[in-house]
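Structure data follow from upload.txt (compact mmCIF, C-alpha atoms):
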```
# COMPACT_ATOMS: atom_id res chain seq x y z
CA MET A 1393 0.00 0.00 0.00
CA THR A 1394 1.22 3.48 -0.81
CA GLU A 1395 2.27 6.00 1.79
CA GLN A 1396 -0.28 8.43 3.13
CA LEU A 1397 -0.43 11.72 1.22
CA TYR A 1398 -1.06 14.85 3.29
CA TYR A 1399 -2.56 18.14 2.16
CA GLU A 1400 0.67 19.95 3.02
CA ASP A 1401 2.65 17.70 0.65
CA VAL A 1402 0.59 18.67 -2.40
CA VAL A 1403 1.86 21.40 -4.73
CA VAL A 1404 -0.33 23.08 -7.35
CA GLY A 1405 1.09 22.09 -10.73
CA GLY A 1406 2.53 18.91 -9.25
CA GLU A 1407 2.08 15.66 -11.11
CA ILE A 1408 0.57 12.39 -9.98
CA THR A 1409 2.68 9.25 -10.46
CA PRO A 1410 1.38 7.81 -13.77
CA LEU A 1411 -0.39 4.47 -13.96
CA VAL A 1412 0.16 2.36 -17.09
CA LYS A 1413 -2.55 -0.02 -18.26
CA GLN A 1414 -2.72 -2.34 -21.21
CA PRO A 1415 -6.33 -3.51 -21.45
CA THR A 1416 -6.78 -6.79 -23.31
CA THR A 1417 -9.95 -8.25 -24.80
CA ARG A 1418 -9.99 -10.58 -21.78
CA GLN A 1419 -9.99 -7.58 -19.46
CA LEU A 1420 -12.93 -6.08 -21.37
CA VAL A 1421 -14.86 -9.32 -20.84
CA MET A 1422 -13.97 -9.30 -17.12
CA TRP A 1423 -15.17 -5.70 -16.87
CA ALA A 1424 -18.37 -6.49 -18.78
CA GLY A 1425 -19.10 -9.26 -16.28
CA ALA A 1426 -18.13 -7.22 -13.22
CA VAL A 1427 -20.41 -4.28 -14.03
CA GLY A 1428 -23.03 -6.03 -16.16
CA ASP A 1429 -22.36 -4.06 -19.33
CA TYR A 1430 -22.92 -6.54 -22.16
CA ASN A 1431 -22.89 -4.07 -25.02
CA PRO A 1432 -21.41 -6.15 -27.88
CA ILE A 1433 -19.31 -3.26 -29.23
CA HIS A 1434 -16.85 -4.29 -26.48
CA TYR A 1435 -16.46 -7.96 -27.46
CA ASP A 1436 -17.97 -8.63 -30.91
CA LYS A 1437 -15.82 -7.24 -33.73
CA ASP A 1438 -18.43 -7.81 -36.47
CA PHE A 1439 -21.08 -6.04 -34.43
CA ALA A 1440 -18.72 -3.16 -33.59
CA GLN A 1441 -17.93 -2.73 -37.30
CA SER A 1442 -21.64 -2.77 -38.18
CA ARG A 1443 -22.00 0.26 -35.87
CA GLY A 1444 -19.27 2.16 -37.71
CA LEU A 1445 -16.39 1.36 -35.34
CA PRO A 1446 -13.04 -0.01 -36.54
CA GLY A 1447 -13.23 -2.91 -34.07
CA VAL A 1448 -14.07 -3.63 -30.45
CA ILE A 1449 -13.42 -0.68 -28.17
CA VAL A 1450 -12.46 -0.35 -24.53
CA HIS A 1451 -15.35 0.62 -22.23
CA GLY A 1452 -15.00 4.32 -21.42
CA GLN A 1453 -16.01 3.54 -17.86
CA LEU A 1454 -13.17 1.05 -17.51
CA VAL A 1455 -10.77 3.86 -18.32
CA GLY A 1456 -12.73 5.95 -15.81
CA ALA A 1457 -12.07 3.22 -13.24
CA PHE A 1458 -8.35 3.32 -14.16
CA LEU A 1459 -8.40 7.06 -13.39
CA GLY A 1460 -10.15 6.21 -10.11
CA GLN A 1461 -7.32 3.80 -9.31
CA LEU A 1462 -4.74 6.46 -10.22
CA ILE A 1463 -6.36 8.69 -7.59
CA THR A 1464 -6.93 6.14 -4.81
CA ASP A 1465 -3.31 4.94 -5.20
CA TRP A 1466 -2.14 8.53 -4.88
CA ILE A 1467 -4.30 9.78 -1.98
CA GLY A 1468 -3.69 6.77 0.25
CA GLU A 1469 -6.02 5.20 2.74
CA ARG A 1470 -7.07 8.38 4.53
CA GLY A 1471 -7.66 10.37 1.40
CA VAL A 1472 -11.23 10.44 0.06
CA LEU A 1473 -12.23 10.66 -3.59
CA ARG A 1474 -15.15 13.07 -3.46
CA LYS A 1475 -15.83 13.71 -7.17
CA LEU A 1476 -14.67 12.14 -10.39
CA SER A 1477 -15.84 13.39 -13.78
CA CYS A 1478 -14.73 11.71 -16.97
CA SER A 1479 -15.31 12.67 -20.56
CA TYR A 1480 -14.68 9.94 -23.13
CA LYS A 1481 -13.22 11.88 -26.04
CA GLY A 1482 -11.72 9.19 -28.21
CA MET A 1483 -11.78 5.45 -28.70
CA ASN A 1484 -9.33 3.10 -27.03
CA TYR A 1485 -8.57 -0.31 -28.44
CA PRO A 1486 -7.59 -3.50 -26.62
CA GLY A 1487 -3.88 -4.28 -26.85
CA GLU A 1488 -2.89 -0.60 -26.79
CA ALA A 1489 -1.08 0.84 -23.80
CA LEU A 1490 -2.88 3.59 -21.93
CA THR A 1491 -1.08 5.87 -19.51
CA CYS A 1492 -3.19 7.53 -16.83
CA LYS A 1493 -1.82 10.84 -15.64
CA GLY A 1494 -2.85 13.74 -13.46
CA LYS A 1495 -1.85 17.21 -12.40
CA VAL A 1496 -2.90 19.24 -9.35
CA THR A 1497 -4.83 22.37 -10.32
CA LYS A 1498 -6.05 23.73 -7.01
CA LYS A 1499 -5.88 23.26 -3.24
CA TYR A 1500 -8.08 24.90 -0.61
CA VAL A 1501 -9.62 24.56 2.80
CA GLN A 1502 -13.40 24.74 3.07
CA ASP A 1503 -15.49 24.09 6.20
CA GLY A 1504 -12.43 22.63 7.90
CA GLN A 1505 -11.83 20.08 5.11
CA HIS A 1506 -8.72 20.03 2.96
CA TYR A 1507 -9.50 19.76 -0.73
CA VAL A 1508 -7.32 19.17 -3.77
CA GLU A 1509 -8.50 19.32 -7.38
CA CYS A 1510 -6.71 17.62 -10.26
CA ASN A 1511 -6.99 17.31 -13.97
CA LEU A 1512 -6.67 13.71 -15.09
CA TRP A 1513 -6.31 12.10 -18.46
CA ALA A 1514 -5.56 8.83 -20.19
CA GLU A 1515 -3.31 8.96 -23.21
CA ASN A 1516 -2.61 6.33 -25.83
CA SER A 1517 0.76 5.48 -27.39
CA LYS A 1518 0.35 8.39 -29.84
CA ALA A 1519 0.04 10.73 -26.82
CA GLU A 1520 -3.61 11.44 -27.71
CA LYS A 1521 -5.73 12.21 -24.67
CA THR A 1522 -8.68 9.88 -25.18
CA VAL A 1523 -10.26 10.37 -21.76
CA LEU A 1524 -10.25 13.62 -19.78
CA GLY A 1525 -11.15 13.77 -16.13
CA VAL A 1526 -11.39 16.02 -13.12
CA ALA A 1527 -11.12 14.78 -9.55
CA VAL A 1528 -11.80 16.45 -6.22
CA VAL A 1529 -10.27 14.74 -3.21
CA MET A 1530 -10.18 15.38 0.52
CA LEU A 1531 -6.85 14.81 2.21
CA PRO A 1532 -5.80 14.61 5.83
CA SER A 1533 -3.78 17.54 7.16
CA ARG A 1534 -0.58 16.99 9.13
CA ALA A 1535 -1.95 19.56 11.57
CA ASP A 1536 -4.81 17.19 12.49
CA TYR A 1537 -2.32 14.47 13.36
CA ASP A 1538 0.08 16.70 15.32
CA LYS A 1539 -2.61 17.83 17.78
CA MET B 697 -38.77 8.99 -16.87
CA GLU B 698 -37.99 7.31 -13.58
CA TRP B 699 -37.60 3.68 -12.53
CA GLU B 700 -38.56 2.00 -9.26
CA PRO B 701 -35.54 1.90 -6.91
CA ARG B 702 -33.88 -1.49 -6.59
CA GLU B 703 -31.85 -3.02 -3.77
CA TYR B 704 -28.43 -4.62 -4.12
CA GLU B 705 -26.56 -6.44 -1.38
CA ILE B 706 -22.83 -5.85 -1.71
CA GLU B 707 -21.01 -9.17 -1.50
CA ARG B 708 -17.30 -9.84 -1.28
CA GLU B 709 -17.21 -11.50 -4.68
CA MET B 710 -18.79 -8.48 -6.41
CA ILE B 711 -16.04 -6.20 -5.07
CA ARG B 712 -13.32 -8.75 -5.82
CA ARG B 713 -14.52 -9.21 -9.41
CA PHE B 714 -14.63 -5.47 -9.92
CA ALA B 715 -11.11 -4.89 -8.52
CA ARG B 716 -9.72 -7.76 -10.60
CA ALA B 717 -11.39 -6.44 -13.76
CA VAL B 718 -9.78 -3.04 -13.21
CA GLY B 719 -6.48 -4.65 -12.21
CA ASP B 720 -6.49 -2.70 -8.94
CA PRO B 721 -4.57 -4.57 -6.22
CA ASN B 722 -5.38 -2.08 -3.39
CA PRO B 723 -5.72 -4.26 -0.25
CA LEU B 724 -8.60 -2.11 1.08
CA TRP B 725 -10.86 -3.74 -1.52
CA GLN B 726 -9.85 -7.36 -0.98
CA ASP B 727 -7.57 -8.07 1.97
CA GLU B 728 -9.75 -8.65 5.02
CA GLN B 729 -6.91 -8.46 7.53
CA TYR B 730 -5.45 -5.29 6.05
CA ALA B 731 -8.84 -3.60 5.71
CA THR B 732 -9.87 -4.51 9.26
CA ALA B 733 -6.71 -2.89 10.62
CA SER B 734 -7.31 0.25 8.50
CA HIS B 735 -9.37 3.17 9.78
CA TYR B 736 -12.33 1.84 7.76
CA GLY B 737 -12.33 -1.25 9.99
CA GLY B 738 -13.26 -3.58 7.13
CA ILE B 739 -13.38 -4.10 3.41
CA ILE B 740 -14.73 -1.21 1.34
CA ALA B 741 -15.39 -0.98 -2.40
CA PRO B 742 -13.41 1.32 -4.68
CA PRO B 743 -15.31 4.57 -5.37
CA THR B 744 -15.91 3.66 -9.02
CA PHE B 745 -17.61 0.40 -7.92
CA ILE B 746 -20.79 2.52 -7.98
CA LEU B 747 -20.72 1.98 -11.75
CA ALA B 748 -21.40 -1.72 -11.17
CA ILE B 749 -24.53 -1.27 -9.06
CA GLY B 750 -27.78 -1.79 -10.88
CA LEU B 751 -26.34 -1.01 -14.28
CA GLU B 752 -27.17 -4.34 -15.91
CA GLN B 753 -30.88 -4.22 -15.10
CA PHE B 754 -31.07 -0.58 -15.99
CA VAL B 755 -29.41 -1.01 -19.40
CA GLU B 756 -31.82 -3.86 -20.15
CA ASP B 757 -34.78 -1.68 -19.19
CA VAL B 758 -33.57 1.15 -21.40
CA MET B 759 -32.74 -1.07 -24.38
CA SER B 760 -36.18 -2.67 -24.22
CA LEU B 761 -37.71 0.79 -24.63
CA THR B 762 -35.58 2.00 -27.52
CA SER B 763 -34.79 0.86 -31.03
CA PHE B 764 -31.14 1.87 -31.00
CA GLY B 765 -28.53 -0.49 -32.39
CA THR B 766 -26.10 0.42 -29.69
CA VAL B 767 -25.16 3.00 -27.10
CA LEU B 768 -21.92 4.80 -26.35
CA ILE B 769 -21.22 6.49 -23.05
CA GLY B 770 -19.90 9.99 -23.56
CA GLY B 771 -19.20 10.98 -19.99
CA THR B 772 -19.61 10.09 -16.34
CA GLU B 773 -19.83 12.36 -13.31
CA LEU B 774 -19.56 10.62 -9.98
CA GLU B 775 -19.95 12.17 -6.53
CA CYS B 776 -19.12 10.03 -3.51
CA TYR B 777 -20.42 10.81 -0.02
CA GLN B 778 -19.92 7.58 1.94
CA PRO B 779 -17.74 4.52 1.36
CA ILE B 780 -19.54 1.36 0.28
CA ARG B 781 -18.81 -1.38 2.80
CA LEU B 782 -18.97 -5.10 2.41
CA GLY B 783 -22.49 -6.23 3.35
CA ASP B 784 -24.15 -2.87 2.65
CA VAL B 785 -27.57 -2.98 1.05
CA ILE B 786 -27.57 -0.25 -1.58
CA THR B 787 -30.78 1.14 -3.04
CA ALA B 788 -30.18 2.47 -6.53
CA SER B 789 -32.58 4.87 -8.26
CA PHE B 790 -32.27 5.68 -11.95
CA LYS B 791 -33.98 8.31 -14.07
CA ILE B 792 -33.68 9.97 -17.44
CA SER B 793 -33.30 13.68 -16.80
CA ASN B 794 -32.74 14.89 -20.34
CA LEU B 795 -33.26 13.53 -23.83
CA ARG B 796 -32.75 15.14 -27.21
CA GLU B 797 -32.69 13.58 -30.65
CA ARG B 798 -31.27 14.47 -34.02
CA GLN B 799 -30.35 12.86 -37.33
CA GLY B 800 -26.76 11.70 -37.59
CA LYS B 801 -24.75 9.87 -40.23
CA MET B 802 -25.92 6.52 -38.83
CA GLY B 803 -29.59 7.60 -38.72
CA ARG B 804 -31.51 8.72 -35.66
CA MET B 805 -29.33 9.61 -32.68
CA ALA B 806 -30.37 10.33 -29.13
CA PHE B 807 -28.42 12.16 -26.44
CA ILE B 808 -29.62 10.96 -23.09
CA THR B 809 -28.68 12.10 -19.59
CA PHE B 810 -29.19 9.47 -16.91
CA ASP B 811 -29.05 10.39 -13.25
CA SER B 812 -28.73 7.83 -10.52
CA SER B 813 -28.49 8.02 -6.76
CA TYR B 814 -27.50 5.40 -4.21
CA LYS B 815 -28.45 5.08 -0.56
CA ASN B 816 -27.28 2.54 1.99
CA GLN B 817 -29.32 0.60 4.57
CA ARG B 818 -28.86 3.48 7.04
CA GLN B 819 -30.57 5.78 4.51
CA GLU B 820 -27.32 7.68 4.02
CA LEU B 821 -26.68 9.07 0.56
CA VAL B 822 -23.69 7.09 -0.70
CA ALA B 823 -23.21 8.50 -4.18
CA LYS B 824 -24.76 10.24 -7.15
CA CYS B 825 -23.89 9.56 -10.73
CA ARG B 826 -24.71 11.23 -14.04
CA GLN B 827 -24.01 9.47 -17.33
CA MET B 828 -24.21 11.05 -20.76
CA VAL B 829 -25.18 8.41 -23.29
CA ILE B 830 -25.48 8.47 -27.07
CA GLY B 831 -27.87 5.99 -28.64
CA TYR B 832 -27.76 5.31 -32.38
```
As structure tokens, what does this structure read like?
Amino acid sequence: MTEQLYYEDVVVGGEITPLVKQPTTRQLVMWAGAVGDYNPIHYDKDFAQSRGLPGVIVHGQLVGAFLGQLITDWIGERGVLRKLSCSYKGMNYPGEALTCKGKVTKKYVQDGQHYVECNLWAENSKAEKTVLGVAVVMLPSRADYDK
Amino acid sequence: MEWEPREYEIEREMIRRFARAVGDPNPLWQDEQYATASHYGGIIAPPTFILAIGLEQFVEDVMSLTSFGTVLIGGTELECYQPIRLGDVITASFKISNLRERQGKMGRMAFITFDSSYKNQRQELVAKCRQMVIGY
């Protein structure tokens, strides 16, 4: 498990340690089963092509879950993911590497809680950002632990 | 359009399957001993596990009402208020809050906004989710 991240450690403009994923067709099937999304564009090539796609595509939400993992790995056990918005801008294909990245855009204290906002994205091997995201997290403050 | 809320009991295997599908080895989701010693005091689900609750039934309901060949999800907005714990009974409510249609290159297209909310057995709001879906 990763070390605990504290509000004081976060710098605006700082980057989140990237997470590399390489979704396979098998992983798409596992995801389909885990969430109950049996849309055939994610496992049936002929069907996907009949709907104008070049082949089966990665579930946007799976990439969203990768971005969720990027965040929960980063914020540690006492950090809380409060909001995660994802916009699926481009298609991802099984077998292609996807790198999930993030950058801190804002930090502030509101009603005694310590918040950090980040821009997130997943990029393919051509460095195209196929999924864009925004996360809001709550982090523990060192001050709360030094009391 | 709104659907009757449905209840889902959160079992260990559901969380394990989800974490394995994502490839997320975080011990909070799967390691009983680790999770019990954490400040959560037991296994919790990853925040994005919300996406797995009630989706299957809901998609079936929607597809039975429409004549679209397929759907693509354009975006997801998730707000989390409480962790989901192993053994929670989550009540999921789904509704269509916006729908507009136009002609596209593959024929009729619909842009649908689905809103869902999730409560636990203590009637605490656990999460809200908005999904933007394109049917064509």
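Excluding Met1422 of chain A and any residue on its chain fewer than 3 positions from it, the residues at most 6 Å away by all atoms listed in the file are A:Gln1419, A:Gly1425, B:Ala717.
Between atom CA of Asn722 of chain B and atom CA of Asp1465 of chain A the separation is 7.5 Å.
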Checklist outcome for this item: Between atom CA of Gly765 of chain B and atom CA of Arg796 of chain B lies a distance of 17.0 Å
Residues near segment 1479-1496 of chain A, anyone? I mean within 7 Å using all atoms listed in the file, not counting same-chain ones fewer than 2 positions away, as an mmCIF file with C-alpha atoms, in the frame of the given file.
```cif
data_model
loop_
_atom_site.group_PDB
_atom_site.id
_atom_site.type_symbol
_atom_site.label_atom_id
_atom_site.label_comp_id
_atom_site.auth_asym_id
_atom_site.auth_seq_id
_atom_site.Cartn_x
_atom_site.Cartn_y
_atom_site.Cartn_z
ATOM 1 C CA VAL A 1403 1.860 21.400 -4.730
ATOM 2 C CA VAL A 1404 -0.330 23.080 -7.350
ATOM 3 C CA GLY A 1405 1.090 22.090 -10.730
ATOM 4 C CA GLY A 1406 2.530 18.910 -9.250
ATOM 5 C CA GLU A 1407 2.080 15.660 -11.110
ATOM 6 C CA ILE A 1408 0.570 12.390 -9.980
ATOM 7 C CA PRO A 1410 1.380 7.810 -13.770
ATOM 8 C CA LEU A 1411 -0.390 4.470 -13.960
ATOM 9 C CA VAL A 1412 0.160 2.360 -17.090
ATOM 10 C CA LYS A 1413 -2.550 -0.020 -18.260
ATOM 11 C CA GLN A 1414 -2.720 -2.340 -21.210
ATOM 12 C CA PRO A 1415 -6.330 -3.510 -21.450
ATOM 13 C CA THR A 1416 -6.780 -6.790 -23.310
ATOM 14 C CA THR A 1417 -9.950 -8.250 -24.800
ATOM 15 C CA VAL A 1448 -14.070 -3.630 -30.450
ATOM 16 C CA ILE A 1449 -13.420 -0.680 -28.170
ATOM 17 C CA VAL A 1450 -12.460 -0.350 -24.530
ATOM 18 C CA GLY A 1452 -15.000 4.320 -21.420
ATOM 19 C CA LEU A 1459 -8.400 7.060 -13.390
ATOM 20 C CA LEU A 1462 -4.740 6.460 -10.220
ATOM 21 C CA SER A 1477 -15.840 13.390 -13.780
ATOM 22 C CA LYS A 1498 -6.050 23.730 -7.010
ATOM 23 C CA GLU A 1509 -8.500 19.320 -7.380
ATOM 24 C CA CYS A 1510 -6.710 17.620 -10.260
ATOM 25 C CA ASN A 1511 -6.990 17.310 -13.970
ATOM 26 C CA LEU A 1512 -6.670 13.710 -15.090
ATOM 27 C CA TRP A 1513 -6.310 12.100 -18.460
ATOM 28 C CA ALA A 1514 -5.560 8.830 -20.190
ATOM 29 C CA GLU A 1515 -3.310 8.960 -23.210
ATOM 30 C CA ASN A 1516 -2.610 6.330 -25.830
ATOM 31 C CA SER A 1517 0.760 5.480 -27.390
ATOM 32 C CA THR A 1522 -8.680 9.880 -25.180
ATOM 33 C CA VAL A 1523 -10.260 10.370 -21.760
ATOM 34 C CA LEU A 1524 -10.250 13.620 -19.780
ATOM 35 C CA GLY A 1525 -11.150 13.770 -16.130
ATOM 36 C CA GLY B 770 -19.900 9.990 -23.560
ATOM 37 C CA GLY B 771 -19.200 10.980 -19.990
ATOM 38 C CA THR B 772 -19.610 10.090 -16.340
#
```
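Considering all atoms listed in the file, the residue among B:Tyr777, B:Tyr730, B:Phe790, B:Trp699 positioned nearest to chain A is B:Tyr777.
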Give me the chain B side of the contact with chain A, cut-off 9 Å, one line per residue showing its nearest atom pair and distance in Å at one decimal, counting all atoms listed in the file, sorted by chain and residue number, as a Markdown table.
```
| residue | atom | partner | partner_atom | distance |
| --- | --- | --- | --- | --- |
| B:Met710 | CA | A:Ala1426 | CA | 7.0 |
| B:Ile711 | CA | A:Ala1426 | CA | 8.5 |
| B:Arg712 | CA | A:Ala1426 | CA | 9.0 |
| B:Arg713 | CA | A:Ala1426 | CA | 5.6 |
| B:Phe714 | CA | A:Ala1426 | CA | 5.1 |
| B:Ala715 | CA | A:Ala1426 | CA | 8.8 |
| B:Arg716 | CA | A:Met1422 | CA | 7.9 |
| B:Ala717 | CA | A:Trp1423 | CA | 5.0 |
| B:Val718 | CA | A:Phe1458 | CA | 6.6 |
| B:Gly719 | CA | A:Phe1458 | CA | 8.4 |
| B:Asp720 | CA | A:Gln1461 | CA | 6.6 |
| B:Pro721 | CA | A:Met1393 | CA | 9.0 |
| B:Asn722 | CA | A:Met1393 | CA | 6.7 |
| B:Pro723 | CA | A:Met1393 | CA | 7.1 |
| B:Leu724 | CA | A:Glu1469 | CA | 7.9 |
| B:Ser734 | CA | A:Glu1469 | CA | 7.7 |
| B:His735 | CA | A:Arg1470 | CA | 7.7 |
| B:Tyr736 | CA | A:Glu1469 | CA | 8.7 |
| B:Pro742 | CA | A:Gly1460 | CA | 8.0 |
| B:Pro743 | CA | A:Leu1473 | CA | 7.1 |
| B:Thr744 | CA | A:Ala1457 | CA | 5.7 |
| B:Phe745 | CA | A:Ala1457 | CA | 8.2 |
| B:Leu747 | CA | A:Val1427 | CA | 6.7 |
| B:Ala748 | CA | A:Val1427 | CA | 4.0 |
| B:Ile749 | CA | A:Val1427 | CA | 7.1 |
| B:Gly750 | CA | A:Gly1428 | CA | 8.3 |
| B:Leu751 | CA | A:Gly1428 | CA | 6.3 |
| B:Glu752 | CA | A:Gly1428 | CA | 4.5 |
| B:Gln753 | CA | A:Gly1428 | CA | 8.1 |
| B:Val755 | CA | A:Asp1429 | CA | 7.7 |
| B:Gly765 | CA | A:Arg1443 | CA | 7.4 |
| B:Thr766 | CA | A:Asn1431 | CA | 7.2 |
| B:Val767 | CA | A:Asn1431 | CA | 7.7 |
| B:Leu768 | CA | A:Gly1452 | CA | 8.5 |
| B:Ile769 | CA | A:Gly1452 | CA | 6.8 |
| B:Gly770 | CA | A:Tyr1480 | CA | 5.2 |
| B:Gly771 | CA | A:Ser1479 | CA | 4.3 |
| B:Thr772 | CA | A:Cys1478 | CA | 5.2 |
| B:Glu773 | CA | A:Ser1477 | CA | 4.1 |
| B:Leu774 | CA | A:Leu1476 | CA | 5.1 |
| B:Glu775 | CA | A:Lys1475 | CA | 4.4 |
| B:Cys776 | CA | A:Arg1474 | CA | 5.0 |
| B:Tyr777 | CA | A:Arg1474 | CA | 6.7 |
| B:Pro779 | CA | A:Val1472 | CA | 8.9 |
| B:Met802 | CA | A:Arg1443 | CA | 8.0 |
| B:Tyr832 | CA | A:Arg1443 | CA | 8.4 |
```
Excluding same-chain residues fewer than 6 positions from Gln778 of chain B, what lies within 9 Å of it counting all atoms listed in the file, as a PDB file with C-alpha atoms, in the frame of the given file?
```
ATOM      1  CA  ASN B 816     -27.280   2.540   1.990  1.00  0.00           C
ATOM      2  CA  GLU B 820     -27.320   7.680   4.020  1.00  0.00           C
ATOM      3  CA  LEU B 821     -26.680   9.070   0.560  1.00  0.00           C
ATOM      4  CA  VAL B 822     -23.690   7.090  -0.700  1.00  0.00           C
ATOM      5  CA  ALA B 823     -23.210   8.500  -4.180  1.00  0.00           C
TER       6      ALA B 823
END
```
Item to check | Best match for closeness to Gln817 of chain B among B:Glu703, B:Ile739, B:Thr732, B:Ile830, counting only C-alpha atoms | outcome: B:Glu703
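The space separating atom CA of Ala1535 of chain A from atom CA of Tyr1398 of chain A comes to 9.6 Å.
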Return the padded bounding box of segment 816-821 of chain B as AutoDock Vina command-line options: axis-aligned, built from all atoms listed in the file, 8 Å added on each side, with centre and edge lengths in Å to one decimal.
```
--center_x -28.6 --center_y 4.8 --center_z 3.8 --size_x 19.9 --size_y 24.5 --size_z 22.5
```
Next on the checklist: The residues within 8 Å of (-13.8, -9.6, -34.8), using all atoms listed in the file and the coordinates of the file, should be reported as a PyMOL selection string; which are they?
Outcome noted: chain A and resi 1435-1438+1447-1448
Next on the checklist: Counting only C-alpha atoms, which residues sit no farther than 8 Å from the position (-7.9, 15.6, 7.2) in the file's frame? I'd like them as a VMD selection string.
Outcome noted: chain A and resid 1398 to 1399 1470 to 1471 1505 to 1506 1530 to 1534 1536
Atoms are missing here; could segment 1500-1513 of chain A be completed with N, CA and C atoms and written as a PDB file, in the coordinates of the input?
```
ATOM      1  N   TYR A1500      -7.391  23.920  -1.468  1.00  0.00           N
ATOM      2  CA  TYR A1500      -8.080  24.900  -0.610  1.00  0.00           C
ATOM      3  C   TYR A1500      -8.700  24.219   0.595  1.00  0.00           C
ATOM      4  N   VAL A1501      -8.962  25.058   1.592  1.00  0.00           N
ATOM      5  CA  VAL A1501      -9.620  24.560   2.800  1.00  0.00           C
ATOM      6  C   VAL A1501     -11.028  25.142   2.827  1.00  0.00           C
ATOM      7  N   GLN A1502     -12.003  24.282   3.034  1.00  0.00           N
ATOM      8  CA  GLN A1502     -13.400  24.740   3.070  1.00  0.00           C
ATOM      9  C   GLN A1502     -14.126  23.976   4.179  1.00  0.00           C
ATOM     10  N   ASP A1503     -14.774  24.690   5.061  1.00  0.00           N
ATOM     11  CA  ASP A1503     -15.490  24.090   6.200  1.00  0.00           C
ATOM     12  C   ASP A1503     -14.600  23.098   6.962  1.00  0.00           C
ATOM     13  N   GLY A1504     -13.344  23.473   7.128  1.00  0.00           N
ATOM     14  CA  GLY A1504     -12.430  22.630   7.900  1.00  0.00           C
ATOM     15  C   GLY A1504     -11.887  21.416   7.154  1.00  0.00           C
ATOM     16  N   GLN A1505     -12.323  21.213   5.898  1.00  0.00           N
ATOM     17  CA  GLN A1505     -11.830  20.080   5.110  1.00  0.00           C
ATOM     18  C   GLN A1505     -10.776  20.555   4.119  1.00  0.00           C
ATOM     19  N   HIS A1506      -9.822  19.689   3.861  1.00  0.00           N
ATOM     20  CA  HIS A1506      -8.720  20.030   2.960  1.00  0.00           C
ATOM     21  C   HIS A1506      -8.936  19.393   1.604  1.00  0.00           C
ATOM     22  N   TYR A1507      -9.153  20.245   0.611  1.00  0.00           N
ATOM     23  CA  TYR A1507      -9.500  19.760  -0.730  1.00  0.00           C
ATOM     24  C   TYR A1507      -8.365  19.971  -1.729  1.00  0.00           C
ATOM     25  N   VAL A1508      -8.254  19.035  -2.657  1.00  0.00           N
ATOM     26  CA  VAL A1508      -7.320  19.170  -3.770  1.00  0.00           C
ATOM     27  C   VAL A1508      -8.069  18.805  -5.050  1.00  0.00           C
ATOM     28  N   GLU A1509      -7.886  19.629  -6.077  1.00  0.00           N
ATOM     29  CA  GLU A1509      -8.500  19.320  -7.380  1.00  0.00           C
ATOM     30  C   GLU A1509      -7.402  19.007  -8.391  1.00  0.00           C
ATOM     31  N   CYS A1510      -7.701  18.066  -9.269  1.00  0.00           N
ATOM     32  CA  CYS A1510      -6.710  17.620 -10.260  1.00  0.00           C
ATOM     33  C   CYS A1510      -7.366  17.469 -11.615  1.00  0.00           C
ATOM     34  N   ASN A1511      -6.592  17.723 -12.631  1.00  0.00           N
ATOM     35  CA  ASN A1511      -6.990  17.310 -13.970  1.00  0.00           C
ATOM     36  C   ASN A1511      -6.373  15.939 -14.218  1.00  0.00           C
ATOM     37  N   LEU A1512      -7.146  15.060 -14.821  1.00  0.00           N
ATOM     38  CA  LEU A1512      -6.670  13.710 -15.090  1.00  0.00           C
ATOM     39  C   LEU A1512      -6.852  13.436 -16.576  1.00  0.00           C
ATOM     40  N   TRP A1513      -6.075  12.538 -17.092  1.00  0.00           N
ATOM     41  CA  TRP A1513      -6.310  12.100 -18.460  1.00  0.00           C
ATOM     42  C   TRP A1513      -5.668  10.743 -18.695  1.00  0.00           C
TER      43      TRP A1513
END
```
